[in-house]
Amino acid sequence: MSRIPVSSPTNKPRFYYGWVIVWLSFATLAFHVVTRFSFGIFQVPLLEEFGWSRGLLSGAFSLSMATYAFGAPFAGSLLEKKGPRAIMPWGSVILGLTFISCYFVSSLWHLYILFGLFAGYGLSLSGFSTHSAIVPRWFVRKRGRATGIALSGIGIGILVLAPLIERLIASVGWRYTYVIFGLVLLCVIAPLAFLLMRDVPEDVGQGPDGGPPRTPEEMARAGVGHGGEGKGVWEVFSVVRHDIRFWCLILMVFAIGLNNNTIMSQLQLYLVDVGYGTALAAIIFGSVGFIRTFGSIGGGWVGDIIGRGRGVALAAVVVAAGLTLLILIPYFGGGILPGYAFALVYGIGIGAMSACYSALAGDCFGGRTYGVIIGFMEICYGLGGVVGAPFAGFMFDYTKSYFIPFLTIIFFMFVSLALALWLQAYMKKHGLEPR
């Protein structure tokens, strides 16, 4: 049987191309995920101009999460069959055109169609789930660190883009801000994906972690290959539905989705409510992203050492502590220090939790069908956003407080802690931990 062609010494790459994939995912996620989280910043001028209720406006965010979630497994199936270069760049194209079209929003249903449907679909093609499916193909021993670096792009995006979006809105208005952001996605991020994305290390004459290329037989045993070999969505589900690890991860990712999407969609409004100006609130919002970067990288590294399940459990405790600080900000009298204390603790927690969870899922189900499997998990991540954002908005409309939604998220963090520790023990007992 012939081997995958190996580059000759004269043309062999001097670096491991897997890091190009990591940094491409870093840059793409920085912009793509912020398209979702920026909704919290755009809410302020939209509410001022149109007078919609927070609950109804949050429904557009909820619909976007539902579209993303239910599209994720089908996007994963397309990814496995056609390859990332045929699928993921189009997510940037759709998101760019959607944001440019938001210039014309004049009614709530416009936002439901554009942000709720089209942005959600664009994110399903090139968002957390598809990028999380690609990175494990390139790394095994350093999977946690590589995943952490890729996902830290989300944090950098929030750090840089959230305050920038707020300043642009203040300077040129929310309509032109949508157009500017959309043009960057369409003219910068999409071309980079078309040019640089690859499927597996063997495409560039390398192997996982920079080792030698695998033979076709070795790739088949590892469950990886080239486009056209992927299984259908329901064919994959019929197999994994019998695996207890799948359901543990499903419940865990619902809690993560409830946390991330609820807090990041309501944070700007909450901070303004408790007395921060819009600019300072956006800086604190962005600081969460900055700290999240270190949480992602550090959490991935710690997860590689202590076990990814234990890493998720530790991160869940940190997230709960950050949310407690958020609740207590009014009792501390407001001010910069309590806001930054929240950003520090919460940012570390959510960054570490996302990195360790993604690496843990890769440990359990890495292989050719992983894109579909993580797509199913993203359904529950999306459901967390579908439930959480409008629940928080309507609870505020009714009680004028976010106390009940925040407390609910803290409860689910401790549910995640229990699930992660159980899954770590299960993997060890059955000899399934990566070596």
# chains A, B, ... in the order shown; residues from 1 in each chain; ligands from 1
>>> residues_around(residues="A:Val312", least_positions_apart="2", cutoff="12 Å", atoms="only C-alpha atoms", output="tab-separated table (two decimals) with C-alpha atoms, in the first residue's frame")
chain	number	residue	atom	x	y	z
A	144	GLY	CA	-5.34	21.33	25.13
A	249	LEU	CA	-20.97	16.36	27.40
A	252	MET	CA	-22.23	20.12	30.29
A	253	VAL	CA	-22.32	22.16	27.11
A	255	ALA	CA	-24.65	24.79	31.04
A	256	ILE	CA	-21.75	26.47	29.20
A	295	GLY	CA	-7.94	31.66	30.72
A	296	SER	CA	-8.14	29.74	27.44
A	299	GLY	CA	-6.75	26.46	31.17
A	300	GLY	CA	-5.79	24.33	28.18
A	302	VAL	CA	-3.56	23.02	33.06
A	303	GLY	CA	-6.06	20.59	31.53
A	304	ASP	CA	-3.22	18.81	29.70
A	306	ILE	CA	-4.31	17.47	35.53
A	307	GLY	CA	-6.84	16.01	33.10
A	308	ARG	CA	-9.38	17.89	31.02
A	309	GLY	CA	-12.35	16.81	33.15
A	310	ARG	CA	-10.69	18.18	36.29
A	314	LEU	CA	-11.94	23.82	38.37
A	315	ALA	CA	-13.05	26.35	35.76
A	316	ALA	CA	-16.70	25.94	36.77
A	317	VAL	CA	-15.83	27.01	40.33
A	318	VAL	CA	-14.02	30.08	39.01
A	319	VAL	CA	-16.98	31.02	36.77
A	348	ILE	CA	-10.34	33.29	33.49
A	349	GLY	CA	-13.21	30.92	34.25
A	350	ILE	CA	-15.02	31.03	30.90
A	351	GLY	CA	-11.78	30.85	28.92
A	352	ALA	CA	-10.52	27.81	30.83
A	353	MET	CA	-13.91	26.10	30.74
A	354	SER	CA	-14.29	26.41	26.97
A	355	ALA	CA	-10.73	25.20	26.26
A	356	CYS	CA	-10.91	22.22	28.64
A	357	TYR	CA	-14.39	21.21	27.49
A	358	SER	CA	-13.42	21.34	23.80
A	359	ALA	CA	-10.25	19.28	24.41
A	360	LEU	CA	-12.22	16.81	26.55
A	361	ALA	CA	-14.77	16.34	23.77
A	413	MET	CA	-21.96	25.61	36.91
A	414	PHE	CA	-21.98	23.20	39.83
A	415	VAL	CA	-23.91	20.69	37.73
A	416	SER	CA	-21.07	20.96	35.18
A	417	LEU	CA	-18.52	20.42	37.93
A	418	ALA	CA	-20.15	17.13	38.94
A	419	LEU	CA	-20.45	15.93	35.34
A	420	ALA	CA	-16.83	16.77	34.52
A	421	LEU	CA	-15.44	14.92	37.54
A	422	TRP	CA	-17.60	11.88	36.80
A	423	LEU	CA	-16.48	11.85	33.16
A	424	GLN	CA	-12.82	12.13	34.19
>>> residues_around(residues="stretch 127-138 of chain A", least_positions_apart="6", cutoff="7 Å", atoms="only C-alpha atoms", output="MDAnalysis selection string")
chainID A and resid 18 22 25 29 32:33 72 76 147 200:201 208:209 358 362 366 370:371 374:375 378
>>> closest_atom_pairs(of="stretch 35-100 of chain A", to="stretch 172-185 of chain A", cutoff="6 Å", atoms="only C-alpha atoms", output="tab-separated table")
residue	atom	partner	partner_atom	distance
A:Ser92	CA	A:Leu185	CA	5.7
A:Gly96	CA	A:Gly182	CA	4.0
A:Phe99	CA	A:Gly182	CA	4.8
A:Ile100	CA	A:Val179	CA	4.2
>>> write_last_selection(atoms="N, CA and C atoms", output="short mmCIF file (atom, residue, chain, number, x, y, z; two decimals), in the first residue's frame")
data_model
loop_
_atom_site.label_atom_id
_atom_site.label_comp_id
_atom_site.auth_asym_id
_atom_site.auth_seq_id
_atom_site.Cartn_x
_atom_site.Cartn_y
_atom_site.Cartn_z
N SER A 92 -17.95 33.16 6.75
CA SER A 92 -17.52 34.56 6.78
C SER A 92 -18.27 35.39 5.75
N GLY A 96 -20.62 38.47 6.77
CA GLY A 96 -20.31 39.79 6.27
C GLY A 96 -21.49 40.43 5.56
N PHE A 99 -24.26 41.43 8.14
CA PHE A 99 -24.01 42.66 8.90
C PHE A 99 -24.16 43.90 8.03
N ILE A 100 -23.72 43.82 6.79
CA ILE A 100 -23.92 44.96 5.88
C ILE A 100 -25.41 45.23 5.70
#
>>> closest_residue(among="A:Ser124, A:Ser152, A:Ser38, A:Asn261", to="A:Phe74", atoms="only C-alpha atoms")
A:Ser124
>>> atom_distance(atom1="atom CA of A:Phe15", atom2="atom CA of A:Arg198")
15.1 Å
>>> atom_distance(atom1="atom CA of A:Tyr381", atom2="atom CA of A:Phe237")
16.9 Å
>>> residues_around(residues="A:Leu46", least_positions_apart="2", cutoff="10 Å", atoms="only C-alpha atoms", output="count of residues only")
15
>>> residues_around(residues="A:His110", least_positions_apart="4", cutoff="12 Å", atoms="only C-alpha atoms", output="list in words")
Leu57, Ala60, Thr98, Phe99, Ser101, Cys102, Tyr103, Phe104, Val105, Ser106, Leu114, Phe115, Gly116, Leu117 and Phe118 of chain A
>>> write_last_selection(atoms="N, CA and C atoms", output="JSON list (two decimals), in the first residue's frame")
[["chain", "number", "residue", "atom", "x", "y", "z"],
["A", 57, "LEU", "N", -36.45, 41.99, 22.13],
["A", 57, "LEU", "CA", -35.20, 42.16, 21.41],
["A", 57, "LEU", "C", -34.28, 40.96, 21.63],
["A", 60, "ALA", "N", -34.39, 37.92, 19.17],
["A", 60, "ALA", "CA", -33.58, 37.84, 17.96],
["A", 60, "ALA", "C", -32.28, 37.09, 18.25],
["A", 98, "THR", "N", -24.61, 39.68, 5.94],
["A", 98, "THR", "CA", -25.68, 39.90, 6.92],
["A", 98, "THR", "C", -25.49, 41.20, 7.67],
["A", 99, "PHE", "N", -24.26, 41.43, 8.14],
["A", 99, "PHE", "CA", -24.01, 42.66, 8.90],
["A", 99, "PHE", "C", -24.16, 43.90, 8.03],
["A", 101, "SER", "N", -26.21, 44.17, 5.59],
["A", 101, "SER", "CA", -27.66, 44.32, 5.40],
["A", 101, "SER", "C", -28.35, 44.91, 6.63],
["A", 102, "CYS", "N", -27.73, 44.74, 7.81],
["A", 102, "CYS", "CA", -28.33, 45.30, 9.03],
["A", 102, "CYS", "C", -28.41, 46.83, 9.00],
["A", 103, "TYR", "N", -27.71, 47.44, 8.06],
["A", 103, "TYR", "CA", -27.83, 48.90, 7.88],
["A", 103, "TYR", "C", -29.28, 49.29, 7.64],
["A", 104, "PHE", "N", -30.07, 48.41, 7.03],
["A", 104, "PHE", "CA", -31.43, 48.75, 6.61],
["A", 104, "PHE", "C", -32.49, 48.38, 7.64],
["A", 105, "VAL", "N", -32.09, 47.92, 8.82],
["A", 105, "VAL", "CA", -33.06, 47.52, 9.85],
["A", 105, "VAL", "C", -33.92, 48.72, 10.25],
["A", 106, "SER", "N", -35.22, 48.52, 10.20],
["A", 106, "SER", "CA", -36.15, 49.55, 10.68],
["A", 106, "SER", "C", -37.30, 48.95, 11.46],
["A", 114, "LEU", "N", -32.43, 38.85, 9.79],
["A", 114, "LEU", "CA", -31.01, 39.02, 9.49],
["A", 114, "LEU", "C", -30.13, 38.40, 10.57],
["A", 115, "PHE", "N", -30.28, 38.89, 11.79],
["A", 115, "PHE", "CA", -29.42, 38.38, 12.86],
["A", 115, "PHE", "C", -29.88, 37.00, 13.31],
["A", 116, "GLY", "N", -31.20, 36.81, 13.42],
["A", 116, "GLY", "CA", -31.71, 35.55, 13.94],
["A", 116, "GLY", "C", -31.47, 34.37, 13.02],
["A", 117, "LEU", "N", -31.67, 34.54, 11.71],
["A", 117, "LEU", "CA", -31.56, 33.42, 10.78],
["A", 117, "LEU", "C", -30.22, 33.40, 10.04],
["A", 118, "PHE", "N", -29.89, 34.47, 9.33],
["A", 118, "PHE", "CA", -28.71, 34.45, 8.48],
["A", 118, "PHE", "C", -27.41, 34.43, 9.30]]
>>> closest_atom_pairs(of="stretch 232-288 of chain A", to="stretch 392-412 of chain A", cutoff="9 Å", atoms="only C-alpha atoms", output="JSON lines")
{"residue": "A:Met252", "atom": "CA", "partner": "A:Phe412", "partner_atom": "CA", "distance": 8.6}
{"residue": "A:Phe254", "atom": "CA", "partner": "A:Phe412", "partner_atom": "CA", "distance": 8.8}
{"residue": "A:Ala255", "atom": "CA", "partner": "A:Phe412", "partner_atom": "CA", "distance": 5.5}
{"residue": "A:Ile256", "atom": "CA", "partner": "A:Phe412", "partner_atom": "CA", "distance": 8.4}
{"residue": "A:Leu258", "atom": "CA", "partner": "A:Ile409", "partner_atom": "CA", "distance": 6.8}
{"residue": "A:Asn259", "atom": "CA", "partner": "A:Ile409", "partner_atom": "CA", "distance": 5.7}
{"residue": "A:Thr262", "atom": "CA", "partner": "A:Ala392", "partner_atom": "CA", "distance": 7.0}
{"residue": "A:Ile263", "atom": "CA", "partner": "A:Phe406", "partner_atom": "CA", "distance": 8.0}
{"residue": "A:Gln266", "atom": "CA", "partner": "A:Ala392", "partner_atom": "CA", "distance": 7.7}
{"residue": "A:Tyr270", "atom": "CA", "partner": "A:Tyr402", "partner_atom": "CA", "distance": 7.8}
>>> closest_residue(among="A:Gln268, A:Asn260, A:Ser238, A:Thr369", to="A:Gly347", atoms="only C-alpha atoms")
A:Asn260
>>> decode(residues="stretch 266-278 of chain A", atoms="all heavy atoms", output="CSV table (one decimal), in the first residue's frame")
chain,number,residue,atom,x,y,z
A,266,GLN,N,-26.3,40.2,27.9
A,266,GLN,CA,-26.9,41.1,28.8
A,266,GLN,C,-25.9,42.0,29.6
A,266,GLN,O,-26.4,42.9,30.3
A,266,GLN,CB,-27.8,40.3,29.9
A,266,GLN,CG,-28.8,39.4,29.3
A,266,GLN,CD,-29.9,40.2,28.5
A,266,GLN,OE1,-30.4,41.2,28.9
A,266,GLN,NE2,-30.2,39.7,27.3
A,267,LEU,N,-24.7,41.7,29.5
A,267,LEU,CA,-23.7,42.3,30.4
A,267,LEU,C,-23.6,43.8,30.2
A,267,LEU,O,-23.6,44.6,31.2
A,267,LEU,CB,-22.3,41.7,30.1
A,267,LEU,CG,-21.2,42.3,31.0
A,267,LEU,CD1,-21.4,42.1,32.5
A,267,LEU,CD2,-19.8,41.6,30.6
A,268,GLN,N,-23.6,44.3,28.9
A,268,GLN,CA,-23.5,45.7,28.7
A,268,GLN,C,-24.7,46.4,29.3
A,268,GLN,O,-24.6,47.5,30.0
A,268,GLN,CB,-23.5,46.0,27.2
A,268,GLN,CG,-23.4,47.5,26.8
A,268,GLN,CD,-22.0,48.1,26.9
A,268,GLN,OE1,-21.1,47.4,27.3
A,268,GLN,NE2,-21.9,49.3,26.5
A,269,LEU,N,-25.9,45.9,29.1
A,269,LEU,CA,-27.1,46.5,29.7
A,269,LEU,C,-27.1,46.5,31.3
A,269,LEU,O,-27.4,47.4,31.9
A,269,LEU,CB,-28.4,45.7,29.3
A,269,LEU,CG,-28.8,45.9,27.8
A,269,LEU,CD1,-29.9,44.9,27.4
A,269,LEU,CD2,-29.2,47.3,27.5
A,270,TYR,N,-26.6,45.3,31.8
A,270,TYR,CA,-26.5,45.2,33.3
A,270,TYR,C,-25.6,46.3,33.9
A,270,TYR,O,-25.9,46.9,34.9
A,270,TYR,CB,-26.1,43.8,33.7
A,270,TYR,CG,-25.8,43.6,35.2
A,270,TYR,CD1,-26.9,43.5,36.1
A,270,TYR,CD2,-24.5,43.7,35.7
A,270,TYR,CE1,-26.6,43.3,37.4
A,270,TYR,CE2,-24.3,43.5,37.0
A,270,TYR,CZ,-25.3,43.3,37.9
A,270,TYR,OH,-25.1,43.2,39.3
A,271,LEU,N,-24.4,46.4,33.2
A,271,LEU,CA,-23.4,47.4,33.7
A,271,LEU,C,-23.9,48.8,33.6
A,271,LEU,O,-23.7,49.6,34.5
A,271,LEU,CB,-22.1,47.2,33.0
A,271,LEU,CG,-21.3,45.9,33.2
A,271,LEU,CD1,-20.1,45.8,32.3
A,271,LEU,CD2,-20.9,45.7,34.7
A,272,VAL,N,-24.6,49.1,32.6
A,272,VAL,CA,-25.2,50.5,32.5
A,272,VAL,C,-26.3,50.6,33.5
A,272,VAL,O,-26.4,51.7,34.2
A,272,VAL,CB,-25.8,50.7,31.0
A,272,VAL,CG1,-26.6,52.0,31.0
A,272,VAL,CG2,-24.7,50.7,30.0
A,273,ASP,N,-27.1,49.6,33.8
A,273,ASP,CA,-28.1,49.7,34.8
A,273,ASP,C,-27.5,50.0,36.2
A,273,ASP,O,-28.2,50.7,37.0
A,273,ASP,CB,-28.9,48.3,34.9
A,273,ASP,CG,-29.8,48.1,33.7
A,273,ASP,OD1,-30.2,49.1,33.0
A,273,ASP,OD2,-30.2,47.0,33.5
A,274,VAL,N,-26.4,49.4,36.5
A,274,VAL,CA,-25.8,49.6,37.9
A,274,VAL,C,-24.9,50.8,38.0
A,274,VAL,O,-24.3,51.0,39.0
A,274,VAL,CB,-25.0,48.3,38.3
A,274,VAL,CG1,-26.0,47.1,38.4
A,274,VAL,CG2,-23.8,48.0,37.4
A,275,GLY,N,-24.9,51.7,36.9
A,275,GLY,CA,-24.3,53.0,37.0
A,275,GLY,C,-23.1,53.2,36.2
A,275,GLY,O,-22.5,54.4,36.2
A,276,TYR,N,-22.6,52.3,35.4
A,276,TYR,CA,-21.5,52.5,34.5
A,276,TYR,C,-21.9,53.3,33.3
A,276,TYR,O,-23.0,53.0,32.7
A,276,TYR,CB,-20.8,51.2,34.1
A,276,TYR,CG,-20.2,50.5,35.3
A,276,TYR,CD1,-20.8,49.4,35.9
A,276,TYR,CD2,-18.9,50.8,35.7
A,276,TYR,CE1,-20.2,48.7,37.0
A,276,TYR,CE2,-18.3,50.1,36.8
A,276,TYR,CZ,-19.0,49.1,37.4
A,276,TYR,OH,-18.4,48.4,38.4
A,277,GLY,N,-21.0,54.2,32.8
A,277,GLY,CA,-21.3,54.8,31.5
A,277,GLY,C,-21.1,53.7,30.4
A,277,GLY,O,-20.5,52.7,30.6
A,278,THR,N,-21.6,54.0,29.2
A,278,THR,CA,-21.6,53.0,28.1
A,278,THR,C,-20.1,52.7,27.7
A,278,THR,O,-19.8,51.6,27.4
A,278,THR,CB,-22.4,53.5,26.9
A,278,THR,OG1,-21.9,54.8,26.4
A,278,THR,CG2,-23.9,53.6,27.2
